[in-house]
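K.L.:
Just so it is clear, I am handing over run-v9.pdb, which has PDB, C-alpha atoms.
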ATOM      1  CA  MET A   1      37.328-122.177   4.991
ATOM      2  CA  LYS A   2      35.700-125.056   3.213
ATOM      3  CA  ARG A   3      37.781-127.070   0.750
ATOM      4  CA  ARG A   4      35.329-126.299  -2.069
ATOM      5  CA  ASP A   5      35.589-122.542  -1.417
ATOM      6  CA  PHE A   6      39.393-122.765  -1.335
ATOM      7  CA  SER A   7      39.381-124.646  -4.660
ATOM      8  CA  LEU A   8      37.181-121.979  -6.189
ATOM      9  CA  MET A   9      39.559-119.280  -4.945
ATOM     10  CA  LEU A  10      42.513-121.089  -6.515
ATOM     11  CA  ALA A  11      40.657-121.477  -9.788
ATOM     12  CA  ALA A  12      39.720-117.799  -9.800
ATOM     13  CA  ALA A  13      43.314-116.807  -9.080
ATOM     14  CA  ALA A  14      44.592-119.026 -11.885
ATOM     15  CA  ALA A  15      42.031-117.589 -14.279
ATOM     16  CA  GLY A  16      43.067-114.092 -13.264
ATOM     17  CA  GLN A  17      46.720-114.864 -13.851
ATOM     18  CA  LEU A  18      45.896-116.328 -17.272
ATOM     19  CA  ALA A  19      43.839-113.290 -18.220
ATOM     20  CA  TYR A  20      46.659-110.990 -17.114
ATOM     21  CA  ALA A  21      49.247-113.004 -19.088
ATOM     22  CA  GLN A  22      47.094-112.823 -22.215
ATOM     23  CA  ALA A  23      46.434-109.100 -21.813
ATOM     24  CA  SER A  24      50.125-108.305 -21.273
ATOM     25  CA  PHE A  25      51.386-110.617 -24.061
ATOM     26  CA  PRO A  26      54.157-110.572 -25.098
ATOM     27  CA  THR A  27      56.470-110.178 -22.116
ATOM     28  CA  LYS A  28      59.485-112.011 -23.580
ATOM     29  CA  PRO A  29      61.018-112.760 -27.012
ATOM     30  CA  ILE A  30      58.994-114.795 -29.530
ATOM     31  CA  ARG A  31      60.510-117.552 -31.660
ATOM     32  CA  LEU A  32      59.505-117.622 -35.328
ATOM     33  CA  ILE A  33      60.425-121.047 -36.717
ATOM     34  CA  VAL A  34      61.162-121.021 -40.461
ATOM     35  CA  PRO A  35      61.193-124.366 -42.357
ATOM     36  CA  PHE A  36      63.976-123.239 -44.717
ATOM     37  CA  ALA A  37      67.694-122.596 -44.545
ATOM     38  CA  VAL A  38      69.150-119.144 -43.982
ATOM     39  CA  GLY A  39      69.422-116.856 -46.993
ATOM     40  CA  GLY A  40      66.566-117.940 -49.260
ATOM     41  CA  GLY A  41      63.639-115.779 -50.320
ATOM     42  CA  ILE A  42      61.272-117.165 -47.677
ATOM     43  CA  ASP A  43      63.889-116.689 -44.965
ATOM     44  CA  LEU A  44      64.283-113.051 -46.012
ATOM     45  CA  LEU A  45      60.509-112.524 -45.933
ATOM     46  CA  ALA A  46      60.322-114.138 -42.492
ATOM     47  CA  ARG A  47      63.027-111.792 -41.214
ATOM     48  CA  MET A  48      61.190-108.795 -42.650
ATOM     49  CA  PHE A  49      58.018-109.793 -40.814
ATOM     50  CA  ALA A  50      59.934-110.629 -37.630
ATOM     51  CA  GLN A  51      61.612-107.231 -37.524
ATOM     52  CA  ALA A  52      58.379-105.358 -38.193
ATOM     53  CA  LEU A  53      56.409-107.428 -35.667
ATOM     54  CA  SER A  54      59.126-106.892 -33.061
ATOM     55  CA  GLU A  55      58.565-103.154 -33.391
ATOM     56  CA  GLN A  56      54.776-103.537 -33.415
ATOM     57  CA  LEU A  57      54.603-105.848 -30.371
ATOM     58  CA  GLY A  58      57.377-104.258 -28.345
ATOM     59  CA  GLN A  59      59.235-107.566 -27.942
ATOM     60  CA  GLN A  60      61.902-109.147 -30.072
ATOM     61  CA  MET A  61      60.791-111.826 -32.546
ATOM     62  CA  VAL A  62      63.722-114.142 -33.205
ATOM     63  CA  VAL A  63      63.913-116.134 -36.451
ATOM     64  CA  GLU A  64      65.064-119.725 -36.034
ATOM     65  CA  ASN A  65      65.735-121.764 -39.193
ATOM     66  CA  GLN A  66      64.886-125.474 -39.098
ATOM     67  CA  GLY A  67      65.031-126.760 -42.674
ATOM     68  CA  GLY A  68      64.538-130.311 -43.860
ATOM     69  CA  GLY A  69      61.859-132.962 -43.912
ATOM     70  CA  GLY A  70      59.686-130.979 -46.318
ATOM     71  CA  GLY A  71      59.011-128.529 -43.516
ATOM     72  CA  SER A  72      57.985-131.250 -41.050
ATOM     73  CA  ILE A  73      60.956-130.676 -38.700
ATOM     74  CA  ALA A  74      60.032-127.049 -38.118
ATOM     75  CA  ALA A  75      56.328-127.843 -37.876
ATOM     76  CA  ALA A  76      56.934-130.596 -35.314
ATOM     77  CA  THR A  77      58.904-128.155 -33.155
ATOM     78  CA  VAL A  78      55.969-125.762 -33.053
ATOM     79  CA  ALA A  79      53.367-128.497 -32.590
ATOM     80  CA  ARG A  80      55.200-129.674 -29.439
ATOM     81  CA  ALA A  81      55.810-126.165 -28.055
ATOM     82  CA  PRO A  82      53.805-124.674 -25.177
ATOM     83  CA  ALA A  83      50.538-123.124 -26.361
ATOM     84  CA  ASP A  84      51.383-119.639 -25.174
ATOM     85  CA  GLY A  85      52.155-117.739 -28.389
ATOM     86  CA  TYR A  86      55.914-117.606 -27.858
ATOM     87  CA  THR A  87      56.731-120.209 -30.520
ATOM     88  CA  LEU A  88      55.287-119.624 -33.992
ATOM     89  CA  LEU A  89      55.596-121.304 -37.398
ATOM     90  CA  PHE A  90      56.203-119.349 -40.608
ATOM     91  CA  GLN A  91      54.244-121.458 -43.084
ATOM     92  CA  THR A  92      54.231-121.413 -46.888
ATOM     93  CA  SER A  93      52.272-123.096 -49.648
ATOM     94  CA  GLY A  94      54.841-125.885 -49.296
ATOM     95  CA  SER A  95      53.385-126.550 -45.844
ATOM     96  CA  ALA A  96      50.034-127.317 -47.468
ATOM     97  CA  VAL A  97      51.733-129.572 -50.019
ATOM     98  CA  SER A  98      53.385-131.538 -47.208
ATOM     99  CA  ALA A  99      50.108-131.754 -45.306
ATOM    100  CA  ALA A 100      48.361-133.073 -48.425
ATOM    101  CA  ALA A 101      51.084-135.559 -49.343
ATOM    102  CA  MET A 102      52.624-136.963 -46.203
ATOM    103  CA  GLN A 103      50.780-139.743 -44.436
ATOM    104  CA  LYS A 104      53.218-140.308 -41.548
ATOM    105  CA  LEU A 105      53.791-136.861 -40.127
ATOM    106  CA  PRO A 106      54.774-136.627 -36.425
ATOM    107  CA  PHE A 107      51.895-134.181 -35.938
ATOM    108  CA  ASP A 108      48.405-133.466 -37.240
ATOM    109  CA  PRO A 109      48.652-130.522 -39.693
ATOM    110  CA  VAL A 110      45.143-129.358 -38.772
ATOM    111  CA  LYS A 111      44.500-130.349 -35.157
ATOM    112  CA  ASP A 112      47.946-129.482 -33.776
ATOM    113  CA  PHE A 113      48.015-125.843 -34.926
ATOM    114  CA  ALA A 114      46.114-122.642 -34.348
ATOM    115  CA  PRO A 115      46.194-120.571 -37.563
ATOM    116  CA  VAL A 116      47.112-116.966 -36.759
ATOM    117  CA  THR A 117      47.195-115.021 -40.023
ATOM    118  CA  LEU A 118      47.783-115.250 -43.755
ATOM    119  CA  ALA A 119      50.728-112.871 -44.039
ATOM    120  CA  ALA A 120      51.391-112.388 -47.772
ATOM    121  CA  ARG A 121      50.609-113.732 -51.236
ATOM    122  CA  PHE A 122      52.514-113.613 -54.512
ATOM    123  CA  PRO A 123      52.400-115.458 -57.827
ATOM    124  CA  LEU A 124      54.770-117.712 -59.617
ATOM    125  CA  VAL A 125      55.378-116.721 -63.242
ATOM    126  CA  LEU A 126      55.502-118.976 -66.302
ATOM    127  CA  LEU A 127      58.662-117.937 -68.158
ATOM    128  CA  VAL A 128      60.009-119.132 -71.486
ATOM    129  CA  ASN A 129      63.214-118.593 -73.399
ATOM    130  CA  PRO A 130      62.627-115.933 -76.105
ATOM    131  CA  ASP A 131      63.570-118.477 -78.788
ATOM    132  CA  VAL A 132      60.391-120.431 -78.008
ATOM    133  CA  PRO A 133      58.082-119.638 -80.963
ATOM    134  CA  ALA A 134      55.184-118.385 -78.830
ATOM    135  CA  GLN A 135      54.604-114.731 -78.019
ATOM    136  CA  ASN A 136      51.772-115.244 -75.565
ATOM    137  CA  LEU A 137      49.929-117.840 -73.506
ATOM    138  CA  PRO A 138      47.414-119.010 -76.172
ATOM    139  CA  GLU A 139      50.231-119.456 -78.688
ATOM    140  CA  PHE A 140      52.280-121.441 -76.160
ATOM    141  CA  LEU A 141      49.367-123.773 -75.449
ATOM    142  CA  GLN A 142      48.828-124.277 -79.173
ATOM    143  CA  LEU A 143      52.532-125.012 -79.620
ATOM    144  CA  LEU A 144      52.563-127.627 -76.873
ATOM    145  CA  ARG A 145      49.451-129.297 -78.258
ATOM    146  CA  ARG A 146      50.896-129.311 -81.745
ATOM    147  CA  GLU A 147      54.227-130.787 -80.659
ATOM    148  CA  PRO A 148      53.653-132.773 -77.454
ATOM    149  CA  GLY A 149      56.787-133.706 -75.531
ATOM    150  CA  LYS A 150      59.129-131.584 -77.617
ATOM    151  CA  TYR A 151      59.505-128.773 -75.098
ATOM    152  CA  SER A 152      60.894-129.059 -71.577
ATOM    153  CA  TYR A 153      60.621-127.213 -68.296
ATOM    154  CA  GLY A 154      62.948-127.068 -65.327
ATOM    155  CA  SER A 155      61.895-127.119 -61.688
ATOM    156  CA  ALA A 156      63.425-126.698 -58.250
ATOM    157  CA  GLY A 157      62.962-130.445 -57.744
ATOM    158  CA  THR A 158      60.260-133.092 -57.597
ATOM    159  CA  GLY A 159      57.404-131.992 -55.370
ATOM    160  CA  SER A 160      58.508-128.359 -55.277
ATOM    161  CA  GLY A 161      56.041-125.549 -55.873
ATOM    162  CA  THR A 162      57.606-124.934 -59.282
ATOM    163  CA  HIS A 163      57.087-128.596 -60.199
ATOM    164  CA  LEU A 164      53.462-128.733 -59.049
ATOM    165  CA  ALA A 165      52.639-125.457 -60.802
ATOM    166  CA  ALA A 166      53.931-126.839 -64.102
ATOM    167  CA  GLU A 167      52.231-130.215 -63.749
ATOM    168  CA  TRP A 168      48.903-128.550 -62.887
ATOM    169  CA  PHE A 169      49.382-126.368 -65.975
ATOM    170  CA  LYS A 170      49.922-129.515 -68.049
ATOM    171  CA  LYS A 171      46.869-131.197 -66.528
ATOM    172  CA  LEU A 172      44.417-128.322 -66.995
ATOM    173  CA  GLY A 173      45.878-127.338 -70.369
ATOM    174  CA  LYS A 174      45.946-130.942 -71.636
ATOM    175  CA  VAL A 175      49.496-130.458 -72.878
ATOM    176  CA  ASP A 176      52.770-132.307 -72.472
ATOM    177  CA  MET A 177      56.204-130.980 -71.484
ATOM    178  CA  LEU A 178      59.280-132.875 -70.366
ATOM    179  CA  HIS A 179      60.113-132.310 -66.688
ATOM    180  CA  ILE A 180      63.785-131.775 -65.808
ATOM    181  CA  PRO A 181      64.267-131.454 -62.030
ATOM    182  CA  TYR A 182      67.165-129.421 -60.638
ATOM    183  CA  LYS A 183      68.376-128.645 -57.139
ATOM    184  CA  GLY A 184      66.751-125.229 -56.892
ATOM    185  CA  THR A 185      65.563-122.793 -59.532
ATOM    186  CA  SER A 186      68.922-120.996 -59.615
ATOM    187  CA  ALA A 187      70.412-124.191 -61.033
ATOM    188  CA  VAL A 188      67.868-124.077 -63.881
ATOM    189  CA  MET A 189      68.848-120.600 -65.037
ATOM    190  CA  PRO A 190      71.953-121.339 -67.176
ATOM    191  CA  ASP A 191      70.036-123.936 -69.193
ATOM    192  CA  LEU A 192      66.914-121.773 -69.438
ATOM    193  CA  LEU A 193      68.808-118.682 -70.583
ATOM    194  CA  SER A 194      70.789-120.718 -73.134
ATOM    195  CA  GLY A 195      67.674-122.436 -74.477
ATOM    196  CA  ARG A 196      68.596-125.976 -73.453
ATOM    197  CA  VAL A 197      65.482-125.849 -71.226
ATOM    198  CA  HIS A 198      62.485-124.017 -72.602
ATOM    199  CA  ALA A 199      60.332-123.010 -69.629
ATOM    200  CA  LEU A 200      60.262-122.454 -65.883
ATOM    201  CA  PHE A 201      57.727-121.521 -63.218
ATOM    202  CA  ASP A 202      59.446-119.258 -60.687
ATOM    203  CA  GLY A 203      58.817-116.478 -58.211
ATOM    204  CA  LEU A 204      58.628-112.978 -59.612
ATOM    205  CA  PRO A 205      61.334-111.161 -57.588
ATOM    206  CA  PRO A 206      64.420-113.079 -58.786
ATOM    207  CA  GLN A 207      63.238-112.888 -62.399
ATOM    208  CA  LEU A 208      62.281-109.220 -62.703
ATOM    209  CA  SER A 209      65.607-108.230 -64.254
ATOM    210  CA  ASN A 210      65.417-111.074 -66.785
ATOM    211  CA  ILE A 211      61.862-110.047 -67.694
ATOM    212  CA  THR A 212      62.582-106.337 -68.075
ATOM    213  CA  SER A 213      65.754-107.006 -70.082
ATOM    214  CA  GLY A 214      63.941-109.389 -72.448
ATOM    215  CA  ARG A 215      66.154-112.343 -71.567
ATOM    216  CA  LEU A 216      63.018-114.258 -70.574
ATOM    217  CA  ARG A 217      59.416-113.901 -71.739
ATOM    218  CA  PRO A 218      56.616-114.016 -69.124
ATOM    219  CA  LEU A 219      53.479-115.766 -70.339
ATOM    220  CA  GLY A 220      51.265-116.009 -67.259
ATOM    221  CA  VAL A 221      51.014-115.841 -63.477
ATOM    222  CA  THR A 222      49.710-118.613 -61.248
ATOM    223  CA  THR A 223      47.267-116.517 -59.191
ATOM    224  CA  ALA A 224      43.595-116.388 -60.172
ATOM    225  CA  THR A 225      43.911-112.742 -61.187
ATOM    226  CA  ARG A 226      46.704-110.685 -62.742
ATOM    227  CA  SER A 227      49.536-109.417 -60.585
ATOM    228  CA  PRO A 228      49.714-105.638 -60.101
ATOM    229  CA  PHE A 229      53.458-106.013 -60.587
ATOM    230  CA  LEU A 230      52.979-107.493 -64.096
ATOM    231  CA  PRO A 231      49.610-106.078 -65.203
ATOM    232  CA  GLY A 232      50.260-106.859 -68.859
ATOM    233  CA  VAL A 233      50.812-110.553 -68.178
ATOM    234  CA  PRO A 234      47.627-112.665 -67.999
ATOM    235  CA  ALA A 235      46.649-115.000 -65.210
ATOM    236  CA  LEU A 236      46.843-118.605 -66.370
ATOM    237  CA  ALA A 237      43.213-118.884 -65.312
ATOM    238  CA  GLU A 238      42.251-116.649 -68.244
ATOM    239  CA  ALA A 239      43.110-119.558 -70.555
ATOM    240  CA  LEU A 240      42.785-122.389 -68.023
ATOM    241  CA  PRO A 241      39.671-121.821 -65.876
ATOM    242  CA  GLY A 242      40.206-122.935 -62.295
ATOM    243  CA  TYR A 243      43.959-122.502 -62.280
ATOM    244  CA  ASP A 244      44.961-120.776 -59.023
ATOM    245  CA  LEU A 245      48.184-121.783 -57.275
ATOM    246  CA  PRO A 246      49.421-118.744 -55.369
ATOM    247  CA  PHE A 247      52.575-118.831 -53.331
ATOM    248  CA  TRP A 248      51.935-117.541 -49.835
ATOM    249  CA  THR A 249      53.241-117.205 -46.306
ATOM    250  CA  GLY A 250      51.338-117.430 -43.050
ATOM    251  CA  ILE A 251      51.860-117.734 -39.314
ATOM    252  CA  SER A 252      50.521-120.469 -37.042
ATOM    253  CA  ALA A 253      50.827-121.233 -33.335
ATOM    254  CA  PRO A 254      50.471-124.466 -31.353
ATOM    255  CA  ALA A 255      46.917-125.705 -30.901
ATOM    256  CA  LYS A 256      45.091-124.378 -27.835
ATOM    257  CA  THR A 257      46.990-121.099 -27.879
ATOM    258  CA  PRO A 258      44.584-118.632 -26.216
ATOM    259  CA  GLN A 259      42.417-116.867 -28.775
ATOM    260  CA  ALA A 260      43.275-113.500 -27.239
ATOM    261  CA  VAL A 261      46.960-114.124 -27.998
ATOM    262  CA  VAL A 262      46.197-115.363 -31.518
ATOM    263  CA  ASP A 263      44.067-112.282 -32.195
ATOM    264  CA  LYS A 264      46.777-109.957 -30.881
ATOM    265  CA  LEU A 265      49.358-111.518 -33.212
ATOM    266  CA  ALA A 266      46.958-111.351 -36.166
ATOM    267  CA  SER A 267      46.097-107.727 -35.436
ATOM    268  CA  ALA A 268      49.783-106.814 -35.200
ATOM    269  CA  THR A 269      50.476-108.457 -38.569
ATOM    270  CA  ALA A 270      47.569-106.578 -40.158
ATOM    271  CA  LYS A 271      48.996-103.287 -38.897
ATOM    272  CA  VAL A 272      52.423-104.207 -40.258
ATOM    273  CA  VAL A 273      51.206-104.949 -43.806
ATOM    274  CA  GLU A 274      49.100-101.777 -43.837
ATOM    275  CA  SER A 275      52.257 -99.717 -43.376
ATOM    276  CA  PRO A 276      53.242 -97.986 -46.650
ATOM    277  CA  GLN A 277      56.908 -98.556 -45.872
ATOM    278  CA  PHE A 278      56.434-102.293 -45.317
ATOM    279  CA  ALA A 279      54.183-102.598 -48.390
ATOM    280  CA  ALA A 280      56.946-101.000 -50.445
ATOM    281  CA  ARG A 281      59.445-103.541 -49.155
ATOM    282  CA  LEU A 282      57.066-106.409 -49.978
ATOM    283  CA  LYS A 283      56.658-104.993 -53.475
ATOM    284  CA  GLU A 284      60.377-105.568 -54.041
ATOM    285  CA  TYR A 285      59.552-109.281 -53.671
ATOM    286  CA  GLY A 286      56.526-109.055 -55.928
ATOM    287  CA  ALA A 287      54.374-109.788 -52.879
ATOM    288  CA  GLN A 288      51.201-108.293 -51.430
ATOM    289  CA  GLY A 289      50.551-108.188 -47.702
ATOM    290  CA  VAL A 290      47.332-109.759 -46.412
ATOM    291  CA  GLY A 291      47.219-109.788 -42.605
ATOM    292  CA  SER A 292      44.043-111.873 -42.338
ATOM    293  CA  THR A 293      42.133-112.858 -39.215
ATOM    294  CA  SER A 294      42.744-116.271 -37.690
ATOM    295  CA  SER A 295      39.367-117.587 -38.902
ATOM    296  CA  GLN A 296      40.095-116.416 -42.448
ATOM    297  CA  TYR A 297      43.478-118.130 -42.360
ATOM    298  CA  GLN A 298      41.916-121.321 -40.989
ATOM    299  CA  LYS A 299      39.555-121.494 -43.975
ATOM    300  CA  PHE A 300      42.365-120.675 -46.410
ATOM    301  CA  TRP A 301      44.632-123.340 -44.859
ATOM    302  CA  LEU A 302      41.986-126.065 -45.170
ATOM    303  CA  ASP A 303      41.202-124.990 -48.740
ATOM    304  CA  GLN A 304      44.896-125.139 -49.654
ATOM    305  CA  ILE A 305      45.299-128.660 -48.249
ATOM    306  CA  ALA A 306      42.253-129.760 -50.251
ATOM    307  CA  LEU A 307      43.602-128.065 -53.376
ATOM    308  CA  TYR A 308      47.012-129.723 -53.179
ATOM    309  CA  THR A 309      45.417-133.059 -52.372
ATOM    310  CA  THR A 310      43.592-132.731 -55.695
ATOM    311  CA  VAL A 311      46.703-131.538 -57.532
ATOM    312  CA  LEU A 312      48.827-134.439 -56.265
ATOM    313  CA  LYS A 313      46.112-136.985 -56.974
ATOM    314  CA  ASP A 314      45.255-135.750 -60.447
ATOM    315  CA  THR A 315      48.862-135.304 -61.581
ATOM    316  CA  GLY A 316      50.064-138.556 -60.030
ATOM    317  CA  ILE A 317      52.969-136.856 -58.256
ATOM    318  CA  ARG A 318      54.339-138.738 -55.284
ATOM    319  CA  LEU A 319      56.754-137.074 -52.887
ATOM    320  CA  GLU A 320      59.717-138.904 -51.411
ATOM    321  CA  GLY A 321      58.870-140.835 -48.267
ATOM    322  CA  ASN A 322      55.200-141.379 -49.193
TER     323      ASN A 322
END
Please express the file's structure as C-alpha cells.

P.N.:
Amino acid sequence: MKRRDFSLMLAAAAAGQLAYAQASFPTKPIRLIVPFAVGGGIDLLARMFAQALSEQLGQQMVVENQGGGGGSIAAATVARAPADGYTLLFQTSGSAVSAAAMQKLPFDPVKDFAPVTLAARFPLVLLVNPDVPAQNLPEFLQLLRREPGKYSYGSAGTGSGTHLAAEWFKKLGKVDMLHIPYKGTSAVMPDLLSGRVHALFDGLPPQLSNITSGRLRPLGVTTATRSPFLPGVPALAEALPGYDLPFWTGISAPAKTPQAVVDKLASATAKVVESPQFAARLKEYGAQGVGSTSSQYQKFWLDQIALYTTVLKDTGIRLEGN
C-alpha cells in the first residue's frame, strides 16, 4: 500500500472517530464552571440548569465553583480546557462587564470561547424606601433633578451590576445620587429598610417579599420592556429611552468545540426551558428561560460587550486592576 493511501485511510478513520464521538456526545460527565461562590443566586440557577440538562442529556453535569478575579479565574479554566464540550462556562452579564473592562485578561473573551446558548434573562429592579417622596418613576426623576446629591443609593460594590445599573440610570436621566458601595446587596438592606440609604438596584427574587409587603417601593425594571412578574412597574426605558441592562445567564464552551456538540447542548437547553415545570421554577427567581441558538448567543454576547464598554466609558467607572 502506498504511503499516501495509508495516510488517507488514517485520516478517514480519524474523521470517522470524530464524527462518532460528536454523534454520541456526551459519554461522560460534563463540568459546568460557575464564576461565583456556592450558595448565591447565580450558583442556584446554575445548579437548576445542571440538574435539568443532566436529565436531558443522559449524563451528569457537575457544577464546579471557581469564584474570584471578576469571573476571570473560571473563564480561564474553560478557555484552556479541551474543545470537546465536557467543560463549559456559566456566564452572566458580569462576564460581559469584565470583558469590556479588563485589558490584561489571560484569555481572549471573544476568540477563546464558543458561545452555546443564552440560558435566561431577568431584570434588576429600582427600589426606594417608602419614605422617599416619589410615588413613581417620573416623580423620582423630578425629585433627583430638584435636589441633586441629596439622595443616596447602595450597591453590591464598585463595578457590580447593581452599581453599573444605577450609574447608567444617572447618566441617561441626567440626575445625581450619592453612591454607597457595600459588600453585597444583602449588606445594603438594613440601611435601605431604615431609610439611611434611599435606593437600590437589585434582582427581583430576593426583593419580592419586600415589594409585596410595601416595605420597599419598586419604580422601574432595567430591561427594555416590562417584566411579566411586575407588570404594573414600568421599564426604565419608558422614561429613559435606550436604557436596557438585563441580567442574564448563558453557557459557553472552549473555542473550536465542534459545532455539532455546541448545537446539541443548545438544543438540550432549549428543551429544558420549554418545560412548564422548569419555567415555573425559573419564575420563582423572576427569570425567563431563553434557550437561544449558538449564533444568537454570539450576537448577544458581542452586543453586551459593546454595551458595557459604552457604559463604563460614559460613566467613568474603572474596575480594580484596570

K.L.:
Can you pull out every residue within 10 Å of A:Ile180, counting all atoms listed in the file, but drop anything in the same chain fewer than 2 positions away, and send it as a compact mmCIF listing (two decimals) with C-alpha atoms, in the coordinates of the input?

P.N.:
# COMPACT_ATOMS: atom_id res chain seq x y z
CA SER A 152 60.89 -129.06 -71.58
CA TYR A 153 60.62 -127.21 -68.30
CA GLY A 154 62.95 -127.07 -65.33
CA SER A 155 61.90 -127.12 -61.69
CA ALA A 156 63.42 -126.70 -58.25
CA GLY A 157 62.96 -130.44 -57.74
CA THR A 158 60.26 -133.09 -57.60
CA HIS A 163 57.09 -128.60 -60.20
CA MET A 177 56.20 -130.98 -71.48
CA LEU A 178 59.28 -132.88 -70.37
CA TYR A 182 67.17 -129.42 -60.64
CA VAL A 188 67.87 -124.08 -63.88
CA VAL A 197 65.48 -125.85 -71.23
CA LEU A 200 60.26 -122.45 -65.88

K.L.:
Considering only C-alpha atoms, return as a PyMOL selection string whatever protein or nucleic-acid residues lie within 12 Å of stretch 36-42 of chain A, sequence-local ones (same chain, fewer than 4 positions apart) excluded.

P.N.:
chain A and resi 32+46-49+63-75+89-95+119-122+184-186+202-206+247-250+282+284-287

K.L.:
Report as a VMD selection string the full result of the PyMOL selection byres ((chain A and resi 133) around 12) when it is applied to this structure.

P.N.:
chain A and resid 128 to 132 134 to 144 147 151 195 198 217

K.L.:
Can you tell me which residues surround A:Asp112 at a distance of at most 10 Å, considering all atoms listed in the file, apart from same-chain residues fewer than 3 positions away, and format the answer as a PyMOL selection string?

P.N.:
chain A and resi 75-76+78-80+107-109+115+252-256

K.L.:
Which of these, A:Asn210, A:Thr257, A:Thr310, A:Ser194, has the shortest distance to A:Ala101 once you count all atoms listed in the file?

P.N.:
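The answer is A:Thr310, which sits nearest to A:Ala101.
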
K.L.:
Ranking A:Gly289, A:Ala199, A:Val97, A:Gly214 by minimum distance to A:Ser160 and counting all atoms listed in the file, which one comes first?

P.N.:
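Once distances to A:Ser160 are computed over all atoms listed in the file, the minimum belongs to A:Val97.
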
K.L.:
Edge lengths and centre, in Å to one decimal, as AutoDock Vina command-line options: that's what I need for the box along x, y and z that holds all listed atoms of stretch 108-127 of chain A plus 4 Å on each side.

P.N.:
--center_x 51.6 --center_y -122.9 --center_z -51.0 --size_x 22.2 --size_y 29.1 --size_z 42.4
